[in-house]
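Asks: Data: data_38.csv, CSV, C-alpha atoms.
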```csv
chain,number,residue,atom,x,y,z
J,7,MET,CA,11.5,-17.2,9.5
J,8,LEU,CA,9.3,-18.9,6.9
J,9,ASN,CA,6.5,-16.4,7.5
J,10,ASP,CA,8.7,-13.3,7.0
J,11,TYR,CA,8.1,-11.2,3.9
J,12,TYR,CA,10.1,-8.4,2.3
J,13,PHE,CA,8.8,-6.4,-0.6
J,14,VAL,CA,10.1,-3.3,-2.4
J,15,THR,CA,7.5,-1.7,-4.6
J,16,ARG,CA,8.4,1.1,-7.1
J,17,TRP,CA,5.8,3.4,-8.6
J,18,ARG,CA,6.2,6.4,-10.9
J,19,VAL,CA,3.3,8.8,-11.2
J,20,ARG,CA,2.7,12.3,-12.7
J,21,GLY,CA,2.3,14.8,-9.8
J,22,THR,CA,4.1,16.3,-6.9
J,23,VAL,CA,5.5,14.8,-3.8
J,24,LYS,CA,3.2,16.9,-1.7
J,25,GLU,CA,0.1,15.7,-3.6
J,26,VAL,CA,1.1,12.0,-3.3
J,27,ILE,CA,1.9,12.5,0.5
J,28,ASP,CA,-1.5,14.1,0.9
J,29,ILE,CA,-3.2,11.2,-0.8
J,30,LEU,CA,-1.3,8.4,0.9
J,31,GLY,CA,-1.4,10.2,4.3
J,32,ASP,CA,-5.2,10.3,4.3
J,33,ALA,CA,-5.8,6.7,5.4
J,34,GLU,CA,-9.5,7.0,5.9
J,35,ASP,CA,-9.9,7.9,2.1
J,36,LEU,CA,-8.1,4.6,1.0
J,37,PRO,CA,-11.4,2.7,0.3
J,38,ARG,CA,-12.5,5.4,-2.0
J,39,TRP,CA,-9.5,5.7,-4.3
J,40,TRP,CA,-7.9,2.2,-3.8
J,41,PRO,CA,-11.1,0.1,-3.6
J,42,ALA,CA,-9.6,-3.1,-5.0
J,43,VAL,CA,-7.7,-3.6,-1.7
J,44,TYR,CA,-9.1,-1.4,1.1
J,45,ILE,CA,-12.6,-2.5,2.3
J,46,GLU,CA,-12.8,-0.5,5.5
J,47,VAL,CA,-10.6,1.9,7.4
J,48,LYS,CA,-11.2,3.4,10.8
J,49,LYS,CA,-8.9,5.9,12.6
J,50,ARG,CA,-8.8,5.8,16.4
J,51,ASP,CA,-6.4,8.5,17.8
J,52,ASP,CA,-3.0,7.7,16.2
J,53,VAL,CA,-4.0,4.1,15.2
J,54,VAL,CA,-5.5,3.3,11.8
J,55,GLU,CA,-7.5,0.0,11.7
J,56,LEU,CA,-7.8,-1.6,8.2
J,57,PHE,CA,-9.8,-4.4,6.6
J,58,THR,CA,-8.1,-5.4,3.3
J,59,LYS,CA,-8.2,-8.0,0.5
J,60,GLY,CA,-6.2,-9.1,-2.5
J,61,TRP,CA,-7.1,-11.4,-5.4
J,62,LEU,CA,-6.7,-14.5,-3.2
J,63,PRO,CA,-9.8,-15.5,-1.2
J,64,TYR,CA,-8.8,-14.2,2.2
J,65,THR,CA,-8.9,-10.9,4.0
J,66,LEU,CA,-6.6,-9.2,6.5
J,67,ARG,CA,-7.3,-7.2,9.6
J,68,TRP,CA,-4.4,-5.1,10.6
J,69,SER,CA,-3.5,-1.7,12.1
J,70,PHE,CA,-0.8,0.8,11.8
J,71,ARG,CA,0.6,3.9,13.4
J,72,ALA,CA,2.9,6.4,11.8
J,73,THR,CA,6.2,6.4,13.6
J,74,GLU,CA,8.0,9.0,11.5
J,75,THR,CA,6.8,11.6,9.0
J,76,ARG,CA,9.0,13.6,6.7
J,77,PRO,CA,8.5,15.9,3.7
J,78,ASP,CA,9.6,13.0,1.5
J,79,GLY,CA,7.7,10.2,3.1
J,80,PHE,CA,6.8,8.4,6.2
J,81,VAL,CA,7.3,5.2,8.2
J,82,ILE,CA,4.5,3.0,9.7
J,83,GLU,CA,4.5,0.3,12.3
J,84,ALA,CA,2.0,-2.5,11.4
J,85,PHE,CA,0.3,-5.0,13.8
J,86,GLY,CA,-2.5,-7.4,13.7
J,87,ASP,CA,-2.7,-10.2,11.0
J,88,PHE,CA,0.9,-9.3,10.4
J,89,ILE,CA,3.5,-7.2,12.2
J,90,GLY,CA,6.3,-5.1,10.8
J,91,ARG,CA,7.4,-1.9,9.2
J,92,GLY,CA,6.6,0.0,6.0
J,93,GLU,CA,8.5,3.0,4.7
J,94,TRP,CA,7.3,5.3,1.9
J,95,LEU,CA,10.0,7.3,0.2
J,96,LEU,CA,9.1,9.9,-2.5
J,97,THR,CA,11.4,11.8,-4.8
J,98,GLN,CA,10.4,14.5,-7.3
J,99,ASP,CA,11.8,13.9,-10.8
J,100,GLY,CA,10.5,16.7,-13.1
J,101,ASP,CA,6.8,16.4,-13.5
J,102,ASP,CA,6.8,12.9,-11.9
J,103,VAL,CA,7.2,11.4,-8.5
J,104,ASP,CA,9.3,8.2,-8.0
J,105,ILE,CA,7.8,6.3,-5.1
J,106,ILE,CA,9.5,3.4,-3.2
J,107,TYR,CA,7.6,1.4,-0.6
J,108,ASP,CA,9.8,-0.8,1.6
J,109,TRP,CA,7.6,-3.4,3.4
J,110,ARG,CA,9.0,-5.9,5.9
J,111,ILE,CA,6.4,-8.0,7.8
J,112,THR,CA,5.9,-11.2,9.6
J,113,ALA,CA,2.6,-13.0,8.9
J,114,GLU,CA,0.7,-13.6,12.1
J,115,LYS,CA,-2.7,-14.5,10.7
J,116,PRO,CA,-3.0,-18.3,11.4
J,117,LEU,CA,-3.8,-19.1,7.8
J,118,LEU,CA,-0.8,-17.2,6.4
J,119,LYS,CA,1.5,-18.4,9.1
J,120,LEU,CA,0.5,-22.1,8.6
J,121,PHE,CA,0.8,-22.0,4.8
J,122,SER,CA,3.7,-19.6,4.3
J,123,PRO,CA,6.3,-22.4,4.0
J,124,ILE,CA,4.6,-23.7,0.9
J,125,LEU,CA,2.5,-20.8,-0.5
J,126,LYS,CA,4.9,-17.9,0.1
J,127,PRO,CA,5.3,-17.3,-3.7
J,128,ILE,CA,1.5,-17.1,-4.1
J,129,PHE,CA,1.1,-14.8,-1.1
J,130,GLY,CA,3.9,-12.6,-2.6
J,131,ALA,CA,2.1,-12.5,-5.9
J,132,ASN,CA,-1.1,-11.4,-4.0
J,133,HIS,CA,0.9,-8.5,-2.5
J,134,ARG,CA,2.3,-7.4,-5.9
J,135,TRP,CA,-1.2,-7.5,-7.4
J,136,ALA,CA,-2.5,-5.3,-4.6
J,137,MET,CA,0.3,-2.8,-5.0
J,138,ALA,CA,-0.2,-2.7,-8.8
J,139,ARG,CA,-3.8,-1.8,-8.2
J,140,GLY,CA,-2.5,0.9,-5.9
J,141,GLU,CA,-0.4,2.4,-8.6
J,142,GLU,CA,-3.2,2.4,-11.1
J,143,SER,CA,-5.6,3.9,-8.5
J,144,LEU,CA,-3.1,6.6,-7.5
J,145,ILE,CA,-2.8,7.6,-11.2
J,146,ILE,CA,-6.6,7.9,-11.5
J,147,GLU,CA,-6.8,9.9,-8.2
J,148,LEU,CA,-4.1,12.3,-9.3
J,149,ALA,CA,-5.9,12.8,-12.7
J,150,ARG,CA,-9.2,13.4,-10.8
J,151,ARG,CA,-7.6,16.0,-8.6
J,152,HIS,CA,-6.1,17.8,-11.6
J,153,GLY,CA,-9.5,17.8,-13.3
J,154,LYS,CA,-8.2,15.7,-16.2
J,155,PRO,CA,-9.9,12.6,-17.8
J,156,HIS,CA,-7.8,9.6,-17.0
J,157,GLY,CA,-9.2,7.1,-19.4
J,158,GLU,CA,-7.9,3.6,-18.8
J,159,PRO,CA,-4.8,3.9,-16.6
J,160,PRO,CA,-1.7,2.1,-17.7
J,161,LYS,CA,-1.6,-1.4,-16.3
J,162,ALA,CA,0.9,-1.5,-13.5
J,163,THR,CA,3.3,-4.4,-13.6
J,164,PHE,CA,4.2,-6.9,-10.9
J,165,ARG,CA,7.6,-5.9,-9.7
```
Can the structure in the file be given as structure tokens, please?
Replies:
Amino acid sequence: MLNDYYFVTRWRVRGTVKEVIDILGDAEDLPRWWPAVYIEVKKRDDVVELFTKGWLPYTLRWSFRATETRPDGFVIEAFGDFIGRGEWLLTQDGDDVDIIYDWRITAEKPLLKLFSPILKPIFGANHRWAMARGEESLIIELARRHGKPHGEPPKATFR
């Protein structure tokens, strides 16, 4: 379908799998450490409701529930302005954690659904921008938790 999206994001951060799982798994804390994207998060029972943005002038309201949790990651089911599935997979490599986020969604927000056939590359760039801000923010959050100054984080690349 023209409004289907598939993204694979790769991050590498200094830390442990447990630390990263703890950070990513605390959805209500997302607006604090990843403020470029997460405006508001509310948890109701097993459902997390999110209000998010990117660099394009639109916002998204969507929700997710964790459908699988493992020591090396978790899977979410998303619904709302888009529907689909996201899987976080983390692997320890020495002092670093390799992170893969596999995100397969279908845009349901009327604006995205209508314009996906012609603006799909721009919507994809918006997602990559948001994920790059996530990697930068995660690096800062891990440094904060370790009590280390982080300075300017390395700029994450669009991948």
Asks: Could the residues of stretch 58-92 of chain J that have an atom at most 12 Å from stretch 41-53 of chain J be listed as CSV, each with its closest atom pair and the distance in Å to one decimal, counting only C-alpha atoms and ordered by chain and ascending residue number?
Replies:
```
residue,atom,partner,partner_atom,distance
J:Thr58,CA,J:Tyr44,CA,4.7
J:Lys59,CA,J:Val43,CA,4.9
J:Gly60,CA,J:Val43,CA,5.8
J:Trp61,CA,J:Val43,CA,8.7
J:Leu62,CA,J:Val43,CA,11.0
J:Tyr64,CA,J:Val43,CA,11.3
J:Thr65,CA,J:Ile45,CA,9.3
J:Leu66,CA,J:Tyr44,CA,9.8
J:Arg67,CA,J:Glu46,CA,9.6
J:Trp68,CA,J:Val47,CA,9.9
J:Ser69,CA,J:Val53,CA,6.6
J:Phe70,CA,J:Val53,CA,5.7
J:Arg71,CA,J:Val53,CA,4.9
J:Ala72,CA,J:Asp52,CA,7.5
J:Thr73,CA,J:Asp52,CA,9.6
J:Ile82,CA,J:Val53,CA,10.2
J:Glu83,CA,J:Val53,CA,9.8
J:Ala84,CA,J:Val53,CA,9.7
J:Phe85,CA,J:Val53,CA,10.2
J:Gly86,CA,J:Val53,CA,11.7
```
Asks: Taking all atoms listed in the file into account, name the residue in J:Val19, J:Val14, J:Leu117, J:Leu56 that is nearest to J:Glu34.
Replies: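 For J:Glu34, the nearest of the given residues is J:Leu56.
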Asks: Between J:Arg38, J:Lys154, J:Pro63, J:Glu147, which residue has the minimum interatomic distance to J:Glu25, considering only C-alpha atoms?
Replies: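 Ranking J:Arg38, J:Lys154, J:Pro63, J:Glu147 by distance to J:Glu25, first place goes to J:Glu147.
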Asks: One number please: atom CA of J:Asp78 to atom CA of J:Trp39, in Å, one decimal.
Replies: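 Going from atom CA of J:Asp78 over to atom CA of J:Trp39 covers 21.3 Å.
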Asks: Between J:Phe88, J:Trp94, J:Phe121, J:Trp17, which residue has the minimum interatomic distance to J:Glu141, considering all atoms listed in the file?
Replies: J:Trp17
Asks: Work out how far apart atom CA of J:Tyr12 and atom CA of J:Lys115 are and give it in Å to one decimal.
Replies: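 A separation of 16.5 Å between them.
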Asks: Within 8 Å of J:Thr15, counting only C-alpha atoms, which residues qualify if same-chain residues fewer than 3 places away don't, as number ranges by chain?
Replies: J: 106-108, 134, 137, 165
Asks: Which one is closest to J:Ile105: J:Leu144, J:Val54, J:Arg91, J:Tyr11? Count only C-alpha atoms.
Replies: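 So, comparing all the options, the nearest one is J:Leu144.
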Asks: Find the distance between atom CA of J:Gly90 and atom CA of J:Glu142 and write it in Å to one decimal.
Replies: 25.0 Å
Asks: Given the choices J:Lys24, J:His133, J:Arg18, J:Arg151, which gets closest to J:Trp109 if the distance is worked out from all atoms listed in the file?
Replies: J:His133
Asks: Which residues, protein or nucleic acid, reach to within 12 Å of (4.7, -19.2, 1.2) in the file's coordinates when using only C-alpha atoms, and can you give that as an MDAnalysis selection string?
Replies: chainID J and resid 7:11 112:113 117:133
Asks: Given the choices J:Ile145, J:Ile89, J:Leu96, J:Ile111, which gets closest to J:Trp40 if the distance is worked out from all atoms listed in the file?
Replies: J:Ile145
